[in-house]
Amino acid sequence: MLVYLIRRLLYVVPIALAVSVVCFSLVHIAPGDPLVSILPPDASQALVEQMKKSYGFDRPIPVQFAIWLGKIAQGDLGTSIATSRPVLQEITKAVGNTLMLAFAATLIGFTLGCFFGFVAGYFRDTLVDRIAVTVSILGVSVPHYWLGMVLVICFSVLLPWRPPTGAGPGSSAAWVWDWEHVKYLILPAVTMSVIPMGIVTRTVRALVGDILSQEFVDALRAKGLTDWGVFQHVVKNAAPTALAVMGLQLGYLLGGSILIETVFSWPGTGFLLNAAIFQRDLPLLQGTILVLAMFFVVLNLLVDTVQTAIDPRIRRG
Amino acid sequence: MSRFSRRQMLLAGASAAALPSLRVDPLLAQSGGTQSGGTLRIAMTAADVPLPNGQTDQGAEGMRFVGYNVFDALINWDLSSADKASGLIPGLATSWKVDAADPTRWTFTLREGVKFHDGSAFDAAAVVWNYDKILKQDSPQFDPRQAGQGRTRIPSVKFYRALDAKTVEFISTTPNALFPYDISWILMSSPAQWEKVGRDWTKFLNAPSGTGPWKVDRYVPRERLEMLPNAEYWDARRRPKLARVVLIPMPETSARTAALLAGQVDWAETPAPDAIPQLKSRGFQIVTNVYPHNWTWHFSRVEGSPWNDIRIRKAANLALDREAMVTLLGGLMVPGKGMVPPGSPWFGKPGFEVKCDLAAATKLMTEAGYSKARPVSVKAIISPGGSGQMQPLPMNEFIQQSLAEIGIKVDFEVMEWNALVASWRAGAKHDSSRGAHSTNSSYFSQDPFTCLIRHLESNLVAPRGTNWGYYVDPVLDALFEKIRSSFDPAEQLAAIQKTHERFVDEALFLFVTHDVNPRALSPRVKGFVQAQNWYQDITPVTMG
């Protein structure tokens, strides 16, 4: 197991290097001027060239990449061109906000997904089942940014129940877990939860149907267990797979969502990426993409490790 | 098989989905703050809070909401009237004059008794210090970001010094009667505060200090900037009436509109056009005014460009039904008849009238050897969006269809906004312009240089300036020189009018429209006067 773990950890190095090459290249291939945020549009080309030189953008791309990589190796993601703030500081703050949103969405998605899944599985091929399946298909299919706008129109504009944008009455820096702040979280979290809700619903429905068709359920009933008792057994059998699916969904949600965070002006990684793209803030863009990509690399490593610990056949393979 | 009751399950589901509370949020319902004077919350189009460092970023919006609110220039803009084009007025300088014997020498007399928000005095040394922060790279306070924003605006500043505590002398590179316009760009931040925060511009952002009517109370990057009134502002007429202003960046149009409709903000810049009827029906104010904004096609005049033929240029200008475009944009535009609207004092009396006349347009095209059956092909750079670009896709498609009617076949080269700006800087001959014959960038046109000179002066082709089309016209060059060398206001105005007349008579652009800068305000916002300017004054605003 230890050898396997070391081997997997070593795999991370070339993967991380490849990720950094890809994210650096993609950012530099895109057209536009990296100094757009600190120069007025009508700055002369001569001044642009002068500023490029002072920021090091006049150097060959491989040299810029080597310098960037060298700084990353020392834990320095660079400085935002637009704001002069350290990229790491910007990302840390945004990741915190995205985590909050992702966990809230996971909670809603898992709860509703399990509810609809169990209902659909239990009342299979009935109207209730069809309604639950429709809800799950809608959840997976509806563009979530569109849903976000619809929710804002319904619950912020037509019925002024929830604030449409922002992360608290002050700012995310002053976040506290009270109702005055949590209400800002509800609409974006609900919007973000629809996809995991749909996926969990479908998974749980299939699981419940499968479990209910097994012989041990008949045996339980034959022993005189009540419906509630049987249901508890079904839940216990379905829970590990449902949790595993939800865990994967959580991983996707932690990557943030540019569209949802932009629609709700939620200051997470998606909102940050959006700003970095429109401001052509290359260090911020590279840093954010790299951190998110590395997050997935680490997440995959963790999943592989846990799976290997559970199932030794994977290690042998 | 016995089962749970469906009704029980559905009721449980409904209860869970109802979420914690359905009551009306008191904060949203009340809107505004509790302090006397009230709180005004503004949703900006910017993606980030403009930097409160002095020479702010985020374009005109940054100058509008942070630049001219927290800071002052030696010369300010008069933003008090909605009915006339705004002009320059004394700011931190009470007067300025050019030396009759040496027209490169300017003397500025500074206002006495002005203090920065940190309590330190504003004087001539502070002016020199602020110009050094932009122009003198070896000065301790030199800030590349502020230099990037400011240096372009003062190309003719050659030398400056303090003659005494209240007098500053500037020397320009050449005689330049437009020098006061340049000076109006440079805003004064506090040297004492910069020292106090450890000579660090990043720390200065958290405790900014200028001389403007508003003081920064709280700066949260990417989320908000809160301002309090400067009760000791040197211009008593412009002391703020509100208790607090909150600036919130909301780049997404629908988010700004929803925030306004939900009562989360009181003021939304550029609301979604589709939402304007709904906003009006719910009592919101839609305020508009013409301002120095130009939406044109800037022609390439390099060899081989079809736009080198004046008949084609004039025909294109006569082919557009601008009134129909007004309808297309829901009334939110003023038809373009030149670089400035006809009501502007700079308009003059051009001989060529820009209007829709398809018969005249077709005749001109026939004379040029083209027709609908045998069209001339042009390639046009456009963008799908961008700062000040209004609704570029439907507008450009409208133009494409209109020009096709008279025998001009338009192929679009669609570029992302920042790529378009980069190609505009690089010039029509540059590879980034991809051989296009025109570019469509909305123009800030607040002073004679930005409105006229920078586009067509022969010595401002790339890389020195933004004469994108490589246009060369000795007559215009002489007129530009006349504008720069006319220190008498009446003489300068006459030169500007003659220049503008030539722009129109030669049909040097495809004149399409001027924006009207729509903004939506809550019915509670009172006293706002939308000046004919990119900048606006929020000091008279109150909350009803």
# chains A, B, ... in the order shown; residues from 1 in each chain; ligands from 1
call {"tool": "residues_around", "arguments": {"residues": "Leu420 of chain B", "least_positions_apart": "6", "cutoff": "9 Å", "atoms": "only C-alpha atoms", "output": "PyMOL selection string"}}
result
(chain A and resi 32) or (chain B and resi 381-383+414+432-433+439-441)
call {"tool": "residues_around", "arguments": {"residues": "Leu69 of chain A", "least_positions_apart": "4", "cutoff": "10 Å", "atoms": "only C-alpha atoms", "output": "ChimeraX atom specification"}}
result
/A:17,20-21,24,63-65,73-77
call {"tool": "residues_around", "arguments": {"residues": "Phe57 of chain A", "least_positions_apart": "3", "cutoff": "12 Å", "atoms": "only C-alpha atoms", "output": "short mmCIF file (atom, residue, chain, number, x, y, z; two decimals) with C-alpha atoms, in the first residue's frame"}}
result
data_model
loop_
_atom_site.label_atom_id
_atom_site.label_comp_id
_atom_site.auth_asym_id
_atom_site.auth_seq_id
_atom_site.Cartn_x
_atom_site.Cartn_y
_atom_site.Cartn_z
CA HIS A 28 -1.23 33.20 -23.51
CA ASP A 33 -3.59 42.62 -24.16
CA PRO A 34 -2.47 41.55 -20.66
CA LEU A 35 -2.15 45.20 -19.67
CA VAL A 48 1.90 49.53 -24.26
CA GLU A 49 5.28 48.18 -25.36
CA GLN A 50 7.01 50.17 -22.61
CA MET A 51 4.64 48.80 -19.95
CA LYS A 52 4.98 45.27 -21.33
CA LYS A 53 8.69 45.57 -20.83
CA SER A 54 8.33 46.76 -17.25
CA PRO A 60 9.86 34.98 -24.83
CA ILE A 61 6.95 32.85 -23.62
CA PRO A 62 9.19 29.94 -22.47
CA VAL A 63 11.22 32.38 -20.33
CA GLN A 64 8.03 33.81 -18.82
CA PHE A 65 6.85 30.26 -18.13
CA ILE A 67 10.00 32.40 -14.22
CA TRP A 68 6.38 31.69 -13.31
CA ILE A 81 -1.82 43.05 -12.57
CA LEU A 282 -2.94 36.83 -16.68
CA PRO A 283 -1.26 36.10 -13.32
#
call {"tool": "closest_atom_pairs", "arguments": {"of": "chain A", "to": "chain B", "cutoff": "6 Å", "atoms": "only C-alpha atoms", "output": "Markdown table"}}
result
| residue | atom | partner | partner_atom | distance |
| --- | --- | --- | --- | --- |
| A:Pro31 | CA | B:Ala419 | CA | 5.5 |
| A:Gly32 | CA | B:Ala419 | CA | 4.1 |
| A:Ile38 | CA | B:Arg145 | CA | 5.6 |
| A:Leu39 | CA | B:Gly148 | CA | 4.9 |
| A:Pro40 | CA | B:Gln149 | CA | 5.8 |
| A:Ala43 | CA | B:Thr152 | CA | 5.6 |
| A:Ser44 | CA | B:Gly465 | CA | 4.6 |
| A:Gln45 | CA | B:Pro463 | CA | 4.5 |
| A:Ala46 | CA | B:Pro463 | CA | 5.2 |
| A:Ser156 | CA | B:Ala262 | CA | 5.3 |
| A:Val157 | CA | B:Ala262 | CA | 4.7 |
| A:Pro160 | CA | B:Ala262 | CA | 5.9 |
| A:Trp161 | CA | B:Val24 | CA | 5.0 |
| A:Pro164 | CA | B:Ala259 | CA | 5.9 |
| A:Val263 | CA | B:Ala255 | CA | 5.8 |
| A:Ala275 | CA | B:Ala47 | CA | 5.6 |
call {"tool": "closest_residue", "arguments": {"among": "A:Tyr184, A:Phe118, A:Gly166, A:Ala94", "to": "Lys236 of chain A", "atoms": "only C-alpha atoms"}}
result
A:Phe118
call {"tool": "closest_atom_pairs", "arguments": {"of": "segment 69-145 of chain A", "to": "segment 200-212 of chain A", "cutoff": "8 Å", "atoms": "only C-alpha atoms", "output": "Markdown table"}}
result
| residue | atom | partner | partner_atom | distance |
| --- | --- | --- | --- | --- |
| A:Gly109 | CA | A:Val200 | CA | 7.7 |
| A:Phe110 | CA | A:Val200 | CA | 6.6 |
| A:Leu112 | CA | A:Thr201 | CA | 7.8 |
| A:Gly113 | CA | A:Thr201 | CA | 4.3 |
| A:Cys114 | CA | A:Thr201 | CA | 5.9 |
| A:Phe115 | CA | A:Thr201 | CA | 7.6 |
| A:Phe116 | CA | A:Thr201 | CA | 5.6 |
| A:Gly117 | CA | A:Thr201 | CA | 4.1 |
| A:Phe118 | CA | A:Arg205 | CA | 5.9 |
| A:Val119 | CA | A:Arg205 | CA | 7.7 |
| A:Ala120 | CA | A:Arg205 | CA | 5.7 |
| A:Gly121 | CA | A:Arg205 | CA | 4.3 |
| A:Tyr122 | CA | A:Val208 | CA | 6.8 |
| A:Arg124 | CA | A:Gly209 | CA | 7.3 |
| A:Ala132 | CA | A:Thr201 | CA | 7.8 |
| A:Val133 | CA | A:Arg202 | CA | 7.2 |
| A:Ser136 | CA | A:Thr201 | CA | 6.0 |
call {"tool": "write_last_selection", "arguments": {"atoms": "N, CA and C atoms", "output": "mmCIF file, in the first residue's frame"}}
result
data_model
loop_
_atom_site.group_PDB
_atom_site.id
_atom_site.type_symbol
_atom_site.label_atom_id
_atom_site.label_comp_id
_atom_site.auth_asym_id
_atom_site.auth_seq_id
_atom_site.Cartn_x
_atom_site.Cartn_y
_atom_site.Cartn_z
ATOM 1 N N GLY A 109 -28.757 19.480 -2.313
ATOM 2 C CA GLY A 109 -28.847 18.493 -3.397
ATOM 3 C C GLY A 109 -28.968 17.079 -2.868
ATOM 4 N N PHE A 110 -28.176 16.765 -1.853
ATOM 5 C CA PHE A 110 -28.196 15.413 -1.297
ATOM 6 C C PHE A 110 -29.516 15.131 -0.595
ATOM 7 N N LEU A 112 -32.529 16.640 -0.983
ATOM 8 C CA LEU A 112 -33.646 16.537 -1.921
ATOM 9 C C LEU A 112 -33.484 15.330 -2.840
ATOM 10 N N GLY A 113 -32.243 15.073 -3.274
ATOM 11 C CA GLY A 113 -31.979 13.938 -4.168
ATOM 12 C C GLY A 113 -32.359 12.629 -3.501
ATOM 13 N N CYS A 114 -31.960 12.475 -2.237
ATOM 14 C CA CYS A 114 -32.303 11.251 -1.508
ATOM 15 C C CYS A 114 -33.814 11.142 -1.332
ATOM 16 N N PHE A 115 -34.429 12.273 -0.999
ATOM 17 C CA PHE A 115 -35.871 12.255 -0.779
ATOM 18 C C PHE A 115 -36.597 11.804 -2.052
ATOM 19 N N PHE A 116 -36.303 12.482 -3.164
ATOM 20 C CA PHE A 116 -36.962 12.132 -4.423
ATOM 21 C C PHE A 116 -36.593 10.711 -4.855
ATOM 22 N N GLY A 117 -35.346 10.329 -4.644
ATOM 23 C CA GLY A 117 -34.885 9.004 -5.046
ATOM 24 C C GLY A 117 -35.598 7.909 -4.277
ATOM 25 N N PHE A 118 -35.690 8.079 -2.960
ATOM 26 C CA PHE A 118 -36.362 7.064 -2.147
ATOM 27 C C PHE A 118 -37.851 6.994 -2.486
ATOM 28 N N VAL A 119 -38.461 8.177 -2.663
ATOM 29 C CA VAL A 119 -39.881 8.200 -3.007
ATOM 30 C C VAL A 119 -40.112 7.489 -4.336
ATOM 31 N N ALA A 120 -39.283 7.840 -5.332
ATOM 32 C CA ALA A 120 -39.457 7.252 -6.665
ATOM 33 C C ALA A 120 -39.190 5.757 -6.624
ATOM 34 N N GLY A 121 -38.171 5.358 -5.881
ATOM 35 C CA GLY A 121 -37.839 3.939 -5.797
ATOM 36 C C GLY A 121 -38.909 3.152 -5.084
ATOM 37 N N TYR A 122 -39.451 3.751 -4.043
ATOM 38 C CA TYR A 122 -40.461 3.061 -3.249
ATOM 39 C C TYR A 122 -41.789 2.954 -3.991
ATOM 40 N N ARG A 124 -42.320 2.960 -7.279
ATOM 41 C CA ARG A 124 -41.887 2.789 -8.669
ATOM 42 C C ARG A 124 -43.076 2.599 -9.609
ATOM 43 N N ALA A 132 -41.096 12.350 -9.690
ATOM 44 C CA ALA A 132 -39.728 12.418 -9.159
ATOM 45 C C ALA A 132 -38.694 12.279 -10.273
ATOM 46 N N VAL A 133 -38.963 11.389 -11.221
ATOM 47 C CA VAL A 133 -38.033 11.202 -12.343
ATOM 48 C C VAL A 133 -37.987 12.469 -13.198
ATOM 49 N N SER A 136 -35.883 14.972 -11.523
ATOM 50 C CA SER A 136 -34.450 14.664 -11.621
ATOM 51 C C SER A 136 -33.919 14.955 -13.022
#
call {"tool": "atom_distance", "arguments": {"atom1": "atom CA of Asp123 of chain B", "atom2": "atom CA of Leu225 of chain B"}}
result
27.6 Å
call {"tool": "residues_around", "arguments": {"residues": "Trp146 of chain A", "least_positions_apart": "5", "cutoff": "10 Å", "atoms": "only C-alpha atoms", "output": "PDB file with N, CA and C atoms, in the first residue's frame"}}
result
ATOM      1  N   LEU A 151     -35.000  32.073 -10.628  1.00  0.00           N
ATOM      2  CA  LEU A 151     -35.183  32.137  -9.177  1.00  0.00           C
ATOM      3  C   LEU A 151     -35.095  33.578  -8.679  1.00  0.00           C
ATOM      4  N   VAL A 152     -34.157  34.327  -9.262  1.00  0.00           N
ATOM      5  CA  VAL A 152     -34.019  35.733  -8.862  1.00  0.00           C
ATOM      6  C   VAL A 152     -35.294  36.496  -9.210  1.00  0.00           C
ATOM      7  N   THR A 191     -29.702  26.964  -6.690  1.00  0.00           N
ATOM      8  CA  THR A 191     -29.393  26.869  -8.128  1.00  0.00           C
ATOM      9  C   THR A 191     -28.295  25.845  -8.377  1.00  0.00           C
ATOM     10  N   LEU A 259     -20.766  30.810 -14.093  1.00  0.00           N
ATOM     11  CA  LEU A 259     -22.061  31.386 -14.441  1.00  0.00           C
ATOM     12  C   LEU A 259     -22.907  31.681 -13.203  1.00  0.00           C
ATOM     13  N   ILE A 260     -22.993  30.706 -12.300  1.00  0.00           N
ATOM     14  CA  ILE A 260     -23.839  30.927 -11.121  1.00  0.00           C
ATOM     15  C   ILE A 260     -23.271  32.051 -10.254  1.00  0.00           C
ATOM     16  N   VAL A 263     -23.981  35.367 -11.963  1.00  0.00           N
ATOM     17  CA  VAL A 263     -25.388  35.764 -11.898  1.00  0.00           C
ATOM     18  C   VAL A 263     -25.733  36.305 -10.506  1.00  0.00           C
TER      19      VAL A 263
END
call {"tool": "residues_around", "arguments": {"residues": "segment 300-309 of chain B", "least_positions_apart": "2", "cutoff": "10 Å", "atoms": "only C-alpha atoms", "output": "CSV table (one decimal) with N, CA and C atoms, in the first residue's frame"}}
result
chain,number,residue,atom,x,y,z
B,297,TRP,N,-18.1,53.7,-37.4
B,297,TRP,CA,-17.1,52.9,-38.0
B,297,TRP,C,-15.9,53.8,-38.4
B,298,HIS,N,-14.8,53.4,-37.9
B,298,HIS,CA,-13.5,54.2,-38.2
B,298,HIS,C,-12.9,53.5,-39.4
B,311,ARG,N,-17.0,58.9,-52.5
B,311,ARG,CA,-18.4,58.6,-52.9
B,311,ARG,C,-18.9,57.5,-52.1
B,312,ILE,N,-18.1,56.5,-51.9
B,312,ILE,CA,-18.6,55.3,-51.1
B,312,ILE,C,-18.8,55.7,-49.6
B,313,ARG,N,-17.9,56.5,-49.1
B,313,ARG,CA,-18.0,57.0,-47.7
B,313,ARG,C,-19.3,57.7,-47.5
B,314,LYS,N,-19.6,58.6,-48.5
B,314,LYS,CA,-20.8,59.5,-48.3
B,314,LYS,C,-22.1,58.6,-48.6
B,316,ALA,N,-22.4,55.4,-47.9
B,316,ALA,CA,-22.7,54.6,-46.7
B,316,ALA,C,-23.4,55.5,-45.6
B,368,ALA,N,-19.5,55.6,-58.5
B,368,ALA,CA,-18.3,54.9,-58.1
B,368,ALA,C,-18.1,53.5,-58.8
B,376,VAL,N,-19.4,46.3,-53.9
B,376,VAL,CA,-18.0,46.4,-53.4
B,376,VAL,C,-17.9,45.7,-52.1
B,377,SER,N,-16.8,45.0,-51.8
B,377,SER,CA,-16.7,44.2,-50.6
B,377,SER,C,-15.9,44.9,-49.6
B,378,VAL,N,-16.4,45.0,-48.4
B,378,VAL,CA,-15.5,45.6,-47.3
B,378,VAL,C,-15.6,44.6,-46.1
B,379,LYS,N,-14.5,44.7,-45.3
B,379,LYS,CA,-14.4,43.9,-44.1
B,379,LYS,C,-14.4,44.8,-42.9
B,380,ALA,N,-15.2,44.4,-42.0
B,380,ALA,CA,-15.4,45.3,-40.8
B,380,ALA,C,-15.1,44.6,-39.5
B,408,ILE,N,-22.9,47.7,-51.0
B,408,ILE,CA,-21.7,47.5,-50.2
B,408,ILE,C,-21.9,46.2,-49.4
B,427,GLY,N,-3.1,49.4,-35.2
B,427,GLY,CA,-3.3,50.1,-36.5
B,427,GLY,C,-3.8,49.1,-37.5
B,428,ALA,N,-4.4,49.7,-38.6
B,428,ALA,CA,-5.0,48.9,-39.7
B,428,ALA,C,-4.0,48.1,-40.4
B,429,LYS,N,-2.7,48.5,-40.4
B,429,LYS,CA,-1.7,47.7,-41.2
B,429,LYS,C,-1.2,46.5,-40.4
B,435,GLY,N,-6.5,42.8,-42.1
B,435,GLY,CA,-6.8,43.4,-43.3
B,435,GLY,C,-8.2,44.0,-43.4
B,436,ALA,N,-8.7,44.3,-42.2
B,436,ALA,CA,-10.1,44.9,-42.2
B,436,ALA,C,-10.0,46.4,-42.7
B,437,HIS,N,-11.2,46.8,-43.2
B,437,HIS,CA,-11.3,48.2,-43.8
B,437,HIS,C,-12.0,49.1,-42.8
B,438,SER,N,-12.4,48.6,-41.7
B,438,SER,CA,-13.0,49.5,-40.7
B,438,SER,C,-13.0,48.8,-39.4
B,439,THR,N,-13.0,49.6,-38.3
B,439,THR,CA,-13.1,49.1,-37.0
B,439,THR,C,-14.2,49.8,-36.2
B,467,ASN,N,-4.4,56.8,-34.5
B,467,ASN,CA,-4.9,57.0,-35.9
B,467,ASN,C,-4.9,55.7,-36.6
B,468,TRP,N,-5.9,54.9,-36.3
B,468,TRP,CA,-6.0,53.5,-36.7
B,468,TRP,C,-5.9,53.3,-38.2
B,469,GLY,N,-6.6,54.2,-38.9
B,469,GLY,CA,-6.7,54.1,-40.4
B,469,GLY,C,-5.5,54.6,-41.2
B,470,TYR,N,-4.5,55.2,-40.5
B,470,TYR,CA,-3.3,55.8,-41.2
B,470,TYR,C,-3.8,56.9,-42.1
B,471,TYR,N,-4.7,57.7,-41.6
B,471,TYR,CA,-5.2,58.8,-42.4
B,471,TYR,C,-4.2,60.0,-42.4
B,472,VAL,N,-4.0,60.6,-43.5
B,472,VAL,CA,-3.1,61.7,-43.6
B,472,VAL,C,-3.8,62.8,-44.5
B,507,ALA,N,-16.9,63.0,-44.9
B,507,ALA,CA,-17.4,61.7,-44.4
B,507,ALA,C,-16.3,60.8,-44.0
B,508,LEU,N,-15.5,61.3,-43.0
B,508,LEU,CA,-14.3,60.5,-42.6
B,508,LEU,C,-14.6,59.3,-41.7
B,509,PHE,N,-15.8,59.2,-41.2
B,509,PHE,CA,-16.3,58.1,-40.4
B,509,PHE,C,-17.7,57.7,-41.0
B,510,LEU,N,-18.1,56.5,-40.6
B,510,LEU,CA,-19.5,56.2,-40.8
B,510,LEU,C,-20.1,56.6,-39.5
call {"tool": "residues_around", "arguments": {"residues": "Gln532 of chain B", "least_positions_apart": "5", "cutoff": "10 Å", "atoms": "only C-alpha atoms", "output": "number ranges by chain"}}
result
B: 78-87, 288-293, 446, 516-517
call {"tool": "write_last_selection", "arguments": {"atoms": "C-alpha atoms", "output": "mmCIF file, in the first residue's frame"}}
result
data_model
loop_
_atom_site.group_PDB
_atom_site.id
_atom_site.type_symbol
_atom_site.label_atom_id
_atom_site.label_comp_id
_atom_site.auth_asym_id
_atom_site.auth_seq_id
_atom_site.Cartn_x
_atom_site.Cartn_y
_atom_site.Cartn_z
ATOM 1 C CA ASP B 78 -18.679 71.357 -14.471
ATOM 2 C CA LEU B 79 -21.282 68.642 -13.872
ATOM 3 C CA SER B 80 -24.042 70.880 -12.604
ATOM 4 C CA SER B 81 -26.226 71.129 -15.715
ATOM 5 C CA ALA B 82 -28.125 68.639 -17.829
ATOM 6 C CA ASP B 83 -28.939 71.200 -20.505
ATOM 7 C CA LYS B 84 -25.556 72.213 -21.842
ATOM 8 C CA ALA B 85 -22.298 70.540 -22.728
ATOM 9 C CA SER B 86 -20.131 70.575 -19.623
ATOM 10 C CA GLY B 87 -16.947 72.588 -19.604
ATOM 11 C CA THR B 288 -30.708 59.558 -20.057
ATOM 12 C CA ASN B 289 -28.860 62.415 -21.661
ATOM 13 C CA VAL B 290 -26.677 62.874 -24.656
ATOM 14 C CA TYR B 291 -23.013 62.902 -23.753
ATOM 15 C CA PRO B 292 -19.666 62.878 -25.562
ATOM 16 C CA HIS B 293 -19.846 59.328 -26.802
ATOM 17 C CA GLN B 446 -15.006 64.719 -24.187
ATOM 18 C CA VAL B 516 -27.470 58.390 -24.038
ATOM 19 C CA ASN B 517 -25.937 56.684 -21.003
#
call {"tool": "closest_residue", "arguments": {"among": "B:Leu88, B:Val475, B:Val504, B:Ala100", "to": "Met339 of chain B", "atoms": "only C-alpha atoms"}}
result
B:Val504
call {"tool": "closest_residue", "arguments": {"among": "A:Ser193, A:Gln279, A:Thr305, A:Gln286", "to": "Thr83 of chain A", "atoms": "only C-alpha atoms"}}
result
A:Gln279
call {"tool": "select_by_dssp", "arguments": {"residues": "segment 98-258 of chain A", "states": "helix (DSSP H, G or I)", "output": "PyMOL selection string"}}
result
chain A and resi 98-122+127-141+144-158+172-174+179-212+215-222+227-254+258
call {"tool": "closest_residue", "arguments": {"among": "A:Met192, A:Val142, A:Leu284, A:Val27", "to": "Pro86 of chain A", "atoms": "only C-alpha atoms"}}
result
A:Leu284
call {"tool": "residues_around", "arguments": {"residues": "Asn300 of chain A", "least_positions_apart": "5", "cutoff": "10 Å", "atoms": "only C-alpha atoms", "output": "ChimeraX atom specification"}}
result
/A:12,248,251,294-295,305-306
call {"tool": "write_last_selection", "arguments": {"atoms": "C-alpha atoms", "output": "PDB file, in the first residue's frame"}}
result
ATOM      1  CA  VAL A  12       1.235  13.891  -9.397  1.00  0.00           C
ATOM      2  CA  LEU A 248     -17.990  13.096  -6.562  1.00  0.00           C
ATOM      3  CA  GLY A 251     -15.789  17.635  -5.992  1.00  0.00           C
ATOM      4  CA  MET A 294      -4.491  20.977  -8.805  1.00  0.00           C
ATOM      5  CA  PHE A 295      -7.503  20.670  -6.591  1.00  0.00           C
ATOM      6  CA  THR A 305      -6.148   6.048  -2.435  1.00  0.00           C
ATOM      7  CA  VAL A 306      -9.415   5.428  -0.612  1.00  0.00           C
TER       8      VAL A 306
END
call {"tool": "closest_atom_pairs", "arguments": {"of": "segment 401-450 of chain B", "to": "segment 479-502 of chain B", "cutoff": "12 Å", "atoms": "only C-alpha atoms", "output": "tab-separated table"}}
result
residue	atom	partner	partner_atom	distance
B:Asp447	CA	B:Ile496	CA	10.3
B:Pro448	CA	B:Ile496	CA	7.2
B:Phe449	CA	B:Phe480	CA	8.7
B:Thr450	CA	B:Phe480	CA	11.9
call {"tool": "closest_residue", "arguments": {"among": "B:Ala121, B:Pro180, B:Ala324, B:Val114", "to": "Pro90 of chain B", "atoms": "only C-alpha atoms"}}
result
B:Pro180
call {"tool": "atom_distance", "arguments": {"atom1": "atom CA of Trp346 of chain B", "atom2": "atom CA of Ile171 of chain B"}}
result
27.5 Å
call {"tool": "closest_atom_pairs", "arguments": {"of": "segment 337-422 of chain B", "to": "segment 326-329 of chain B", "cutoff": "10 Å", "atoms": "only C-alpha atoms", "output": "JSON lines"}}
result
{"residue": "B:Met390", "atom": "CA", "partner": "B:Leu329", "partner_atom": "CA", "distance": 9.0}
{"residue": "B:Gln391", "atom": "CA", "partner": "B:Leu329", "partner_atom": "CA", "distance": 8.0}
{"residue": "B:Pro394", "atom": "CA", "partner": "B:Leu328", "partner_atom": "CA", "distance": 8.4}
{"residue": "B:Met395", "atom": "CA", "partner": "B:Leu328", "partner_atom": "CA", "distance": 8.2}
{"residue": "B:Phe398", "atom": "CA", "partner": "B:Leu328", "partner_atom": "CA", "distance": 9.1}
call {"tool": "write_last_selection", "arguments": {"atoms": "C-alpha atoms", "output": "mmCIF file, in the first residue's frame"}}
result
data_model
loop_
_atom_site.group_PDB
_atom_site.id
_atom_site.type_symbol
_atom_site.label_atom_id
_atom_site.label_comp_id
_atom_site.auth_asym_id
_atom_site.auth_seq_id
_atom_site.Cartn_x
_atom_site.Cartn_y
_atom_site.Cartn_z
ATOM 1 C CA MET B 390 -24.066 49.524 -26.767
ATOM 2 C CA GLN B 391 -25.583 46.520 -28.627
ATOM 3 C CA PRO B 394 -27.821 43.884 -33.812
ATOM 4 C CA MET B 395 -26.571 47.382 -34.622
ATOM 5 C CA PHE B 398 -28.602 46.541 -39.187
#
call {"tool": "closest_residue", "arguments": {"among": "B:Thr270, B:Ser189, B:Thr104, B:Ser344", "to": "Ser445 of chain B", "atoms": "only C-alpha atoms"}}
result
B:Ser344
